[in-house]
>>> print(open('run_9.txt').read())   # compact mmCIF, C-alpha atoms and all ligand atoms
# COMPACT_ATOMS: atom_id res chain seq x y z
CA MET H 191 9.66 21.96 -15.10
CA SER H 192 8.46 23.50 -11.87
CA TYR H 193 4.85 24.43 -11.21
CA TRP H 194 5.94 28.05 -11.10
CA ASN H 195 7.56 27.88 -14.55
CA ARG H 196 4.43 26.37 -16.01
CA GLY H 197 2.89 29.76 -15.52
CA ALA H 198 0.64 28.88 -12.60
CA GLY H 199 1.18 32.34 -11.21
CA GLY H 200 1.08 33.40 -7.58
CA ARG H 201 3.40 35.52 -5.54
CA VAL H 202 6.91 34.75 -4.36
CA ILE H 203 7.10 32.47 -1.32
CA ASN H 204 9.28 34.04 1.39
CA VAL H 205 11.26 31.53 3.41
CA LEU H 206 12.93 31.67 6.83
CA VAL H 207 15.63 29.00 7.26
CA VAL H 208 16.23 27.90 10.86
CA GLY H 209 19.47 25.98 11.41
CA CYS H 210 22.55 26.85 9.34
CA GLY H 211 24.59 23.64 9.60
CA ASN H 212 25.49 20.97 7.03
CA VAL H 213 22.15 20.26 5.46
CA SER H 214 21.23 23.94 5.17
CA GLY H 215 23.81 24.24 2.37
CA ILE H 216 21.86 21.82 0.16
CA HIS H 217 18.46 23.42 0.87
CA LEU H 218 19.74 26.99 0.45
CA GLU H 219 21.31 26.04 -2.90
CA ASN H 220 18.01 24.55 -4.06
CA LEU H 221 15.96 27.47 -2.77
CA ALA H 222 18.32 29.84 -4.61
CA VAL H 223 17.50 28.19 -7.96
CA ALA H 224 13.82 27.46 -7.29
CA ALA H 225 11.52 29.74 -9.23
CA GLY H 226 9.21 31.82 -7.08
CA ALA H 227 10.97 31.40 -3.74
CA ARG H 228 13.12 33.86 -1.81
CA VAL H 229 15.01 33.29 1.44
CA VAL H 230 14.26 36.38 3.54
CA GLY H 231 16.08 35.30 6.69
CA VAL H 232 18.32 32.69 8.29
CA ALA H 233 18.52 31.83 11.99
CA ASP H 234 21.03 29.89 14.03
CA VAL H 235 21.89 29.88 17.73
CA CYS H 236 25.49 30.10 16.53
CA GLU H 237 25.96 33.66 15.31
CA ALA H 238 28.88 32.78 13.01
CA ALA H 239 26.82 30.06 11.31
CA ALA H 240 23.86 32.41 10.73
CA ARG H 241 26.02 35.25 9.47
CA GLY H 242 28.09 32.88 7.31
CA ARG H 243 25.08 31.43 5.49
CA ALA H 244 23.51 34.90 5.08
CA GLU H 245 26.72 36.17 3.43
CA GLN H 246 27.17 33.04 1.31
CA PHE H 247 23.63 33.15 -0.12
CA GLY H 248 23.06 36.92 -0.08
CA VAL H 249 20.26 36.72 2.49
CA GLU H 250 19.32 40.14 3.86
CA ARG H 251 18.59 39.27 7.48
CA TRP H 252 20.10 36.83 9.97
CA VAL H 253 19.14 36.26 13.62
CA VAL H 254 20.33 34.03 16.46
CA ASP H 255 16.83 33.50 17.88
CA TYR H 256 14.35 32.21 15.30
CA ARG H 257 11.50 33.70 17.40
CA ASP H 258 12.66 37.17 16.27
CA MET H 259 11.48 36.33 12.76
CA VAL H 260 8.99 33.47 12.95
CA GLN H 261 5.99 35.78 13.47
CA ASP H 262 7.12 38.24 10.82
CA PRO H 263 4.26 38.82 8.37
CA SER H 264 6.74 38.81 5.48
CA VAL H 265 7.58 35.14 6.17
CA ASP H 266 5.37 32.56 4.41
CA ALA H 267 7.29 29.38 5.16
CA VAL H 268 9.86 28.07 7.61
CA PHE H 269 12.53 25.43 6.92
CA VAL H 270 13.41 23.62 10.17
CA LEU H 271 16.99 22.37 9.72
CA THR H 272 18.17 22.12 13.33
CA PRO H 273 19.10 18.95 15.26
CA PRO H 274 16.11 16.68 15.99
CA ALA H 275 15.70 17.69 19.65
CA SER H 276 14.47 21.16 18.60
CA HIS H 277 12.32 20.17 15.58
CA ALA H 278 9.04 19.93 17.51
CA GLU H 279 9.42 23.26 19.30
CA ILE H 280 10.35 25.22 16.16
CA ALA H 281 7.85 23.49 13.85
CA ILE H 282 4.99 24.07 16.32
CA ALA H 283 5.95 27.75 16.79
CA ALA H 284 5.98 28.23 13.02
CA LEU H 285 2.65 26.44 12.46
CA ARG H 286 1.01 28.46 15.25
CA ALA H 287 2.29 31.61 13.56
CA GLY H 288 0.47 30.47 10.39
CA LYS H 289 3.62 29.54 8.45
CA HIS H 290 3.99 26.59 6.12
CA VAL H 291 6.70 24.23 7.36
CA PHE H 292 9.34 22.05 5.78
CA CYS H 293 10.96 20.03 8.57
CA GLU H 294 14.04 17.87 8.23
CA LYS H 295 13.79 14.30 9.46
CA PRO H 296 13.34 12.85 11.99
CA LEU H 297 10.12 14.58 13.00
CA ALA H 298 11.10 14.62 16.68
CA MET H 299 12.75 12.52 19.36
CA THR H 300 9.68 10.90 20.96
CA SER H 301 6.16 9.83 20.02
CA THR H 302 4.80 12.42 22.45
CA GLU H 303 6.60 15.25 20.65
CA CYS H 304 5.49 13.83 17.28
CA ALA H 305 1.86 13.81 18.42
CA ALA H 306 2.14 17.50 19.35
CA VAL H 307 3.47 18.38 15.87
CA VAL H 308 0.73 16.32 14.19
CA GLU H 309 -1.89 18.23 16.19
CA ALA H 310 -0.34 21.63 15.45
CA ALA H 311 -0.12 20.77 11.75
CA SER H 312 -3.74 19.66 11.52
CA ASN H 313 -5.00 22.71 13.46
CA SER H 314 -2.98 25.16 11.39
CA GLY H 315 -4.36 24.68 7.89
CA CYS H 316 -0.77 25.16 6.71
CA VAL H 317 1.37 22.84 4.61
CA PHE H 318 3.67 20.54 6.55
CA LEU H 319 6.24 18.48 4.62
CA LEU H 320 8.69 16.16 6.35
CA GLY H 321 12.08 15.81 4.68
CA TYR H 322 12.70 12.16 3.86
CA PRO H 323 14.46 12.46 0.48
CA MET H 324 13.92 8.79 -0.47
CA ARG H 325 10.34 9.95 -1.18
CA HIS H 326 11.70 12.10 -4.03
CA SER H 327 14.57 9.97 -5.30
CA VAL H 328 14.11 8.40 -8.72
CA ASP H 329 16.15 5.32 -7.72
CA ALA H 330 14.23 4.64 -4.50
CA LEU H 331 10.89 5.34 -6.21
CA ARG H 332 11.70 2.90 -9.04
CA LEU H 333 12.47 0.22 -6.46
CA LYS H 334 9.16 0.92 -4.70
CA GLU H 335 7.17 0.91 -7.96
CA THR H 336 8.77 -2.34 -9.11
CA ILE H 337 7.84 -4.07 -5.84
CA LEU H 338 4.29 -2.68 -5.94
CA SER H 339 3.89 -3.63 -9.61
CA GLY H 340 3.95 -7.29 -8.55
CA ALA H 341 7.00 -8.01 -10.76
CA ILE H 342 8.57 -10.22 -8.06
CA GLY H 343 5.33 -11.32 -6.37
CA ARG H 344 4.27 -10.77 -2.75
CA PRO H 345 4.92 -11.10 0.10
CA VAL H 346 8.59 -10.21 -0.11
CA CYS H 347 11.57 -10.42 2.17
CA TYR H 348 13.31 -7.03 1.92
CA ARG H 349 16.78 -6.97 3.44
CA ASP H 350 19.14 -4.06 3.59
CA VAL H 351 22.55 -3.49 5.16
CA TRP H 352 24.05 -0.04 5.49
CA ALA H 353 27.39 0.87 7.02
CA LEU H 354 29.17 4.14 7.66
CA SER H 355 32.42 4.53 9.51
CA ARG H 356 31.77 8.01 10.78
CA GLY H 357 28.02 8.43 10.89
CA SER H 358 26.75 11.91 10.24
CA PRO H 359 29.17 14.84 10.37
CA SER H 360 26.72 16.61 12.69
CA PRO H 361 28.04 16.45 16.27
CA ALA H 362 24.49 16.52 17.66
CA ILE H 363 23.71 13.13 16.13
CA HIS H 364 26.13 11.41 18.49
CA ASP H 365 24.51 12.98 21.54
CA ALA H 366 21.65 10.73 22.65
CA ALA H 367 19.72 13.75 23.96
CA GLN H 368 20.15 15.85 20.81
CA GLY H 369 20.22 13.50 17.87
CA GLY H 370 19.55 10.01 19.16
CA GLY H 371 22.02 8.14 17.01
CA VAL H 372 21.83 6.02 13.95
CA LEU H 373 18.19 4.96 14.30
CA PHE H 374 16.87 8.51 14.34
CA GLU H 375 19.37 9.77 11.78
CA HIS H 376 18.60 7.01 9.32
CA SER H 377 14.91 6.65 10.05
CA HIS H 378 14.81 7.34 6.28
CA TRP H 379 14.71 3.58 5.83
CA LEU H 380 11.83 3.07 8.27
CA ASP H 381 9.74 5.70 6.53
CA PHE H 382 10.58 4.26 3.11
CA VAL H 383 9.66 0.64 3.84
CA ALA H 384 6.48 1.77 5.64
CA SER H 385 5.58 3.82 2.54
CA ILE H 386 5.77 0.57 0.52
CA PHE H 387 4.34 -2.03 2.88
CA GLY H 388 2.09 -0.04 5.24
CA ASN H 389 1.54 -0.81 8.90
CA VAL H 390 4.05 -2.82 10.90
CA ARG H 391 2.62 -5.55 13.12
CA ARG H 392 5.70 -6.65 15.08
CA VAL H 393 9.33 -5.67 15.55
CA GLN H 394 12.27 -7.75 16.76
CA ALA H 395 15.60 -6.01 17.18
CA PHE H 396 18.93 -5.64 18.82
CA ALA H 397 20.78 -2.35 19.21
CA CYS H 398 24.04 -1.42 20.92
CA ARG H 399 27.06 0.87 21.02
CA LEU H 400 30.22 -0.64 19.58
CA LYS H 401 32.15 2.42 18.39
CA ARG H 402 35.48 3.02 20.10
CA PRO H 403 36.64 5.08 21.82
CA ALA H 404 33.40 5.00 23.83
CA SER H 405 33.46 8.82 23.85
CA ALA H 406 32.98 8.81 20.04
CA THR H 407 29.24 8.54 20.46
CA GLN H 408 26.75 8.49 23.31
CA ALA H 409 24.01 7.09 21.10
CA VAL H 410 23.14 3.73 19.55
CA ASP H 411 25.58 3.08 16.67
CA THR H 412 24.79 -0.49 15.62
CA PHE H 413 21.58 -2.43 15.26
CA ALA H 414 19.62 -5.08 13.38
CA ALA H 415 15.84 -5.04 13.14
CA ILE H 416 13.18 -7.29 11.64
CA LEU H 417 9.85 -5.67 10.79
CA HIS H 418 6.78 -7.84 10.20
CA PHE H 419 4.14 -5.94 8.23
CA GLU H 420 0.39 -6.48 8.35
CA SER H 421 0.68 -7.14 4.58
CA GLY H 422 2.75 -10.28 5.30
CA ASP H 423 5.95 -8.71 3.93
CA VAL H 424 9.06 -8.79 6.12
CA ALA H 425 11.90 -6.26 6.12
CA LEU H 426 15.30 -6.68 7.75
CA TRP H 427 17.57 -3.72 8.32
CA SER H 428 21.01 -3.57 9.83
CA GLU H 429 23.31 -0.60 10.09
CA SER H 430 26.47 0.26 11.94
CA TRP H 431 28.50 3.39 12.37
CA ALA H 432 31.16 1.33 14.14
CA ALA H 433 32.14 -0.68 11.08
CA ARG H 434 34.39 0.79 8.47
CA GLY H 435 32.58 1.71 5.30
CA GLY H 436 31.27 4.78 3.65
CA GLY H 437 28.84 4.02 0.92
CA TRP H 438 29.26 2.93 -2.66
CA ASP H 439 32.35 4.91 -3.57
CA PRO H 440 35.28 2.82 -2.33
CA LEU H 441 37.71 5.61 -3.11
CA GLY H 442 35.69 8.16 -1.14
CA ILE H 443 35.57 7.31 2.52
CA GLY H 444 36.63 3.69 2.08
CA ARG H 445 34.01 1.02 1.89
CA MET H 446 34.87 -2.16 3.76
CA VAL H 447 31.30 -3.16 4.50
CA ARG H 448 29.41 -3.53 1.30
CA PRO H 449 25.96 -1.93 1.17
CA THR H 450 23.58 -4.72 0.28
CA LEU H 451 19.96 -4.62 -0.77
CA ASP H 452 18.00 -7.73 -1.75
CA VAL H 453 14.25 -7.88 -2.18
CA ILE H 454 13.21 -11.48 -2.63
CA GLY H 455 9.71 -12.45 -3.72
CA PRO H 456 8.05 -15.67 -4.90
CA GLN H 457 8.39 -14.71 -8.58
CA GLY H 458 11.71 -12.89 -8.66
CA SER H 459 14.13 -10.63 -6.86
CA LEU H 460 15.79 -7.22 -6.92
CA HIS H 461 19.43 -6.66 -5.98
CA PHE H 462 21.85 -3.83 -5.35
CA PRO H 463 24.66 -4.15 -6.18
CA ALA H 464 23.89 -6.54 -9.06
CA PRO H 465 25.06 -10.14 -8.49
CA ASP H 466 28.21 -9.38 -10.56
CA GLY H 467 29.00 -6.42 -8.27
CA ALA H 468 27.94 -3.69 -10.73
CA GLN H 469 26.54 -0.43 -9.35
CA VAL H 470 23.03 -1.06 -10.66
CA LEU H 471 19.70 -2.25 -9.33
CA SER H 472 18.89 -5.48 -11.12
CA LEU H 473 15.63 -7.38 -11.50
CA HIS H 474 15.72 -11.17 -11.84
CA ALA H 475 13.08 -13.81 -12.44
CA ALA H 476 12.97 -16.65 -9.92
CA CYS H 477 14.72 -19.59 -11.61
CA GLU H 478 16.95 -22.52 -10.73
CA HIS H 479 20.03 -21.40 -12.65
CA ALA H 480 21.79 -18.17 -13.48
CA ALA H 481 20.00 -16.15 -16.14
CA PRO H 482 20.52 -12.61 -17.40
CA PRO H 483 18.60 -9.94 -15.49
CA LEU H 484 15.15 -8.95 -16.74
CA ALA H 485 16.08 -5.29 -16.22
CA GLU H 486 18.83 -3.10 -14.79
CA TRP H 487 18.66 0.51 -13.62
CA SER H 488 21.33 2.96 -12.54
CA TRP H 489 21.58 3.42 -8.78
CA GLU H 490 23.44 6.53 -7.69
CA THR H 491 24.21 6.03 -4.00
CA ASP H 492 24.34 3.10 -1.61
CA TRP H 493 21.06 4.10 0.06
CA GLY H 494 19.17 4.98 -3.11
CA VAL H 495 18.98 8.76 -2.79
CA ASN H 496 19.96 10.73 -5.88
CA ARG H 497 21.34 14.18 -5.17
CA GLU H 498 18.59 15.53 -7.42
CA ALA H 499 16.06 14.30 -4.81
CA TYR H 500 16.78 17.31 -2.58
CA ARG H 501 15.91 19.75 -5.37
CA LEU H 502 12.71 17.86 -6.15
CA GLU H 503 11.85 17.89 -2.44
CA VAL H 504 12.08 21.70 -2.31
CA GLU H 505 10.05 22.01 -5.53
CA HIS H 506 7.43 19.66 -4.11
CA PHE H 507 7.17 21.78 -0.96
CA LEU H 508 6.71 24.98 -2.98
CA ALA H 509 4.07 23.29 -5.16
CA CYS H 510 2.23 22.22 -1.97
CA VAL H 511 2.30 25.80 -0.67
CA ARG H 512 0.78 26.97 -3.96
CA GLY H 513 -1.94 24.33 -3.68
CA ALA H 514 -0.70 22.39 -6.72
CA ALA H 515 0.25 19.23 -4.78
CA SER H 516 -0.35 17.53 -1.42
CA PRO H 517 2.60 16.76 0.86
CA CYS H 518 3.88 13.26 0.07
CA CYS H 519 5.35 12.87 3.55
CA SER H 520 3.29 14.17 6.46
CA ALA H 521 3.77 14.68 10.18
CA LEU H 522 1.77 11.46 10.66
CA ASP H 523 4.33 9.61 8.55
CA GLY H 524 7.07 11.06 10.75
CA TRP H 525 5.25 9.91 13.86
CA ARG H 526 5.00 6.38 12.43
CA ALA H 527 8.78 6.28 11.83
CA ILE H 528 9.51 7.37 15.39
CA ARG H 529 7.09 4.77 16.80
CA LEU H 530 9.16 2.20 14.90
CA VAL H 531 12.41 3.61 16.31
CA GLU H 532 10.90 3.32 19.80
CA ALA H 533 9.77 -0.27 19.12
CA ILE H 534 13.27 -1.20 17.92
CA LEU H 535 14.83 0.25 21.06
CA GLU H 536 12.22 -1.43 23.28
CA SER H 537 12.72 -4.80 21.60
CA SER H 538 16.46 -4.48 22.03
CA ARG H 539 16.09 -3.54 25.71
CA THR H 540 13.58 -6.27 26.59
CA GLU H 541 14.93 -8.92 24.20
CA LYS H 542 11.33 -9.54 23.16
CA ALA H 543 9.26 -8.94 20.03
CA VAL H 544 7.25 -5.70 20.30
CA ALA H 545 3.74 -5.35 18.87
CA VAL H 546 3.17 -2.17 16.84
CA ASN H 547 -0.20 -0.82 15.69
CA PRO H 548 -2.01 -3.75 17.34
CA ARG H 549 -5.44 -4.30 15.80
CA ARG H 550 -8.07 -2.90 18.15
CA LYS H 551 -10.01 -5.68 19.86
CA SER H 552 -13.30 -3.80 19.52
CA ARG H 553 -12.88 -3.69 15.71
CA ALA H 554 -12.02 -7.38 15.59
CA ARG H 555 -15.12 -8.15 17.68
CA LYS H 556 -17.36 -6.01 15.45
CA LYS H 557 -16.20 -7.94 12.37
CA ARG H 558 -17.24 -11.21 13.94
N1 LIG F 601 17.68 14.60 4.58
C1 LIG F 601 18.97 14.32 4.68
O1 LIG F 601 19.56 13.61 3.88
C2 LIG F 601 19.73 14.95 5.82
C3 LIG F 601 21.11 15.06 5.78
C4 LIG F 601 21.75 15.65 6.85
C5 LIG F 601 21.02 16.10 7.94
N2 LIG F 601 19.68 15.95 7.96
C6 LIG F 601 18.87 16.42 9.11
O2 LIG F 601 18.94 17.84 9.15
C7 LIG F 601 18.99 18.30 10.49
C8 LIG F 601 20.25 19.12 10.69
O3 LIG F 601 21.37 18.32 10.40
P1 LIG F 601 22.80 18.97 10.11
O4 LIG F 601 23.67 17.86 9.67
O5 LIG F 601 22.65 20.17 9.25
O6 LIG F 601 23.20 19.40 11.59
P2 LIG F 601 24.29 20.46 12.04
O7 LIG F 601 24.63 20.12 13.44
O8 LIG F 601 25.39 20.54 11.04
O9 LIG F 601 23.51 21.85 11.98
C9 LIG F 601 22.48 22.18 12.84
C10 LIG F 601 22.52 23.69 13.08
O10 LIG F 601 21.38 24.05 13.86
C11 LIG F 601 21.77 25.02 14.81
N3 LIG F 601 20.81 25.00 15.91
C12 LIG F 601 20.71 24.11 16.92
N4 LIG F 601 19.65 24.41 17.69
C13 LIG F 601 19.06 25.51 17.16
C14 LIG F 601 17.93 26.30 17.50
N5 LIG F 601 17.16 26.00 18.55
N6 LIG F 601 17.64 27.39 16.74
C15 LIG F 601 18.41 27.71 15.67
N7 LIG F 601 19.50 26.99 15.31
C16 LIG F 601 19.82 25.91 16.02
C17 LIG F 601 23.18 24.60 15.19
O11 LIG F 601 23.92 25.68 15.76
C18 LIG F 601 23.76 24.15 13.85
O12 LIG F 601 24.37 25.19 13.14
C19 LIG F 601 18.93 17.05 11.37
O13 LIG F 601 17.62 16.81 11.76
C20 LIG F 601 19.39 15.93 10.44
O14 LIG F 601 18.84 14.67 10.78
C21 LIG F 601 19.02 15.41 6.91
>>> encode(input="run_9.txt", output="structure tokens")
Amino acid sequence: MSYWNRGAGGRVINVLVVGCGNVSGIHLENLAVAAGARVVGVADVCEAAARGRAEQFGVERWVVDYRDMVQDPSVDAVFVLTPPASHAEIAIAALRAGKHVFCEKPLAMTSTECAAVVEAASNSGCVFLLGYPMRHSVDALRLKETILSGAIGRPVCYRDVWALSRGSPSPAIHDAAQGGGVLFEHSHWLDFVASIFGNVRRVQAFACRLKRPASATQAVDTFAAILHFESGDVALWSESWAARGGGWDPLGIGRMVRPTLDVIGPQGSLHFPAPDGAQVLSLHAACEHAAPPLAEWSWETDWGVNREAYRLEVEHFLACVRGAASPCCSALDGWRAIRLVEAILESSRTEKAVAVNPRRKSRARKKR
């Protein structure tokens, strides 16, 4: 039950949606059913997209330039749903206008842009929530809680393989200047593992473009990365948009590369799919021979995000605006994910391990 329905009171939150592409459909649907929220405007540089979404969701006003509405006193909050290259500009304009902001991932394309959003968010006194839906997905959260509960011991080796034949349907994603490719698009994973294990100490990676024809993408489409955390945990991630495969549903897009998740600890392990191939997350005790799982949980999609997560994300944002919750994913979290993307690209370019968040020497000296 939403905060609003619990009778917490307060006035309706008026929302401006900027960017009327693919993902706007999900957010507009969820805003339409959220209690106490009303979409008062939609904006898109493409007139047909803005008008189309306004007609589809019965929104009174549409504009092609978000600046025509972002200062409007009737707007309380702005949803930034454009390609990543424009996130920083739009989010900062909205925060400076005193609007609460929900911004789709990734936060921005560079650490420098991320730093500017972090500063604008902290100066504004407004709510800023970054949209990484794994933070709201029951499947991903159960995985996180099980690891943190100590059920499989620590440190763990967390390894994950994702594969998609087509990548995102958004054309901008394949443009290195607009979207930045698979690493930026699926920085979901980087944010999620950092939310479990904390600061990364060192990154080793390789990244390249394998998709043919070469015109299919101008951005990185394939990579493998190893993250060493200060906690001692290690996470390995590999993804390719060049391989055939499209997630769990083999009848959907056609899955040739199996999504694989294994979290191996000294006292047990977690697996998706289960060792017998079933579409469940299974928990096993460390033992010499095969034994039945200690527990099994449903697991909706290959990457652990339930569709319901997007509705919960919108509800969480509205609760934050009403002061009933604090954003679970901040601009600082978004900055951390982009620093990891940059470290992966640097490690791939230099063929060397890259130090991240190095401990400050002065602090180390003080301790001594
Ligand atoms: N959380 C998720 O699971 C998820 C899923 C898909 C996309 N996304 C993210 O959402 C964002 C949008 O993705 P998409 O797939 O909807 O992209 P899209 O290309 O389908 O749509 C983007 C829209 O933004 C418009 N646009 C571009 N620049 C603009 C500007 N300056 N002002 C106003 N409108 C502008 C474009 O005309 C287009 O209609 C991306 O950051 C993407 O990473 C997140």
>>> axis_aligned_box(input="run_9.txt", around="ligand LIG 601 (chain F)", padding_each_side="6 Å", output="lines of an AutoDock Vina configuration file")
center_x = 21.3
center_y = 20.7
center_z = 11.2
size_x = 20.2
size_y = 26.1
size_z = 26.7
>>> residues_near_point(input="run_9.txt", point="(17.9, 20.6, 13.3)", cutoff="12 Å", atoms="only C-alpha atoms", output="PyMOL selection string")
chain H and resi 207-214+233-235+269-281+292-299+321+360-363+368-369+375
>>> atom_distance(input="run_9.txt", atom1="CA of Ala225 (chain H)", atom2="CA of Glu505 (chain H)")
8.7 Å
>>> residues_around(input="run_9.txt", residues="Arg529 (chain H)", least_positions_apart="2", cutoff="12 Å", atoms="only C-alpha atoms", output="short mmCIF file (atom, residue, chain, number, x, y, z; two decimals) with C-alpha atoms, in the frame of the given file")
data_model
loop_
_atom_site.label_atom_id
_atom_site.label_comp_id
_atom_site.auth_asym_id
_atom_site.auth_seq_id
_atom_site.Cartn_x
_atom_site.Cartn_y
_atom_site.Cartn_z
CA PRO H 296 13.34 12.85 11.99
CA LEU H 297 10.12 14.58 13.00
CA ALA H 298 11.10 14.62 16.68
CA MET H 299 12.75 12.52 19.36
CA THR H 300 9.68 10.90 20.96
CA SER H 301 6.16 9.83 20.02
CA THR H 302 4.80 12.42 22.45
CA GLU H 303 6.60 15.25 20.65
CA CYS H 304 5.49 13.83 17.28
CA ALA H 305 1.86 13.81 18.42
CA LEU H 373 18.19 4.96 14.30
CA PHE H 374 16.87 8.51 14.34
CA SER H 377 14.91 6.65 10.05
CA LEU H 380 11.83 3.07 8.27
CA ASP H 381 9.74 5.70 6.53
CA ALA H 384 6.48 1.77 5.64
CA ASN H 389 1.54 -0.81 8.90
CA VAL H 390 4.05 -2.82 10.90
CA ARG H 391 2.62 -5.55 13.12
CA ARG H 392 5.70 -6.65 15.08
CA VAL H 393 9.33 -5.67 15.55
CA LEU H 522 1.77 11.46 10.66
CA ASP H 523 4.33 9.61 8.55
CA GLY H 524 7.07 11.06 10.75
CA TRP H 525 5.25 9.91 13.86
CA ARG H 526 5.00 6.38 12.43
CA ALA H 527 8.78 6.28 11.83
CA VAL H 531 12.41 3.61 16.31
CA GLU H 532 10.90 3.32 19.80
CA ALA H 533 9.77 -0.27 19.12
CA ILE H 534 13.27 -1.20 17.92
CA LEU H 535 14.83 0.25 21.06
CA GLU H 536 12.22 -1.43 23.28
CA VAL H 544 7.25 -5.70 20.30
CA ALA H 545 3.74 -5.35 18.87
CA VAL H 546 3.17 -2.17 16.84
CA ASN H 547 -0.20 -0.82 15.69
#
>>> residues_around(input="run_9.txt", residues="Gly458 (chain H)", least_positions_apart="2", cutoff="9 Å", atoms="only C-alpha atoms", output="list in words")
Ala341, Ile342, Gly343, Val453, Ile454, Gly455, Pro456, Leu460, Leu473, His474, Ala475, Ala476 and Cys477 of chain H
>>> residues_around(input="run_9.txt", residues="Lys289 (chain H)", least_positions_apart="4", cutoff="6 Å", atoms="only C-alpha atoms", output="number ranges by chain")
H: 266-267, 284-285
>>> residues_near_point(input="run_9.txt", point="(17.6, 1.4, -15.5)", cutoff="10 Å", atoms="only C-alpha atoms", output="PyMOL selection string")
chain H and resi 329+332+470-473+485-489
>>> residues_around(input="run_9.txt", residues="region 420-424 of chain H", least_positions_apart="2", cutoff="9 Å", atoms="only C-alpha atoms", output="list in words")
Arg344, Pro345, Val346, Cys347, Tyr348, Arg349, Phe387, Gly388, Asn389, Val390, Arg391, Arg392, Ile416, Leu417, His418 and Leu426 of chain H
>>> write_last_selection(input="run_9.txt", atoms="C-alpha atoms", output="tab-separated table (two decimals), in the coordinates of the input")
chain	number	residue	atom	x	y	z
H	344	ARG	CA	4.27	-10.77	-2.75
H	345	PRO	CA	4.92	-11.10	0.10
H	346	VAL	CA	8.59	-10.21	-0.11
H	347	CYS	CA	11.57	-10.42	2.17
H	348	TYR	CA	13.31	-7.03	1.92
H	349	ARG	CA	16.78	-6.97	3.44
H	387	PHE	CA	4.34	-2.03	2.88
H	388	GLY	CA	2.09	-0.04	5.24
H	389	ASN	CA	1.54	-0.81	8.90
H	390	VAL	CA	4.05	-2.82	10.90
H	391	ARG	CA	2.62	-5.55	13.12
H	392	ARG	CA	5.70	-6.65	15.08
H	416	ILE	CA	13.18	-7.29	11.64
H	417	LEU	CA	9.85	-5.67	10.79
H	418	HIS	CA	6.78	-7.84	10.20
H	426	LEU	CA	15.30	-6.68	7.75
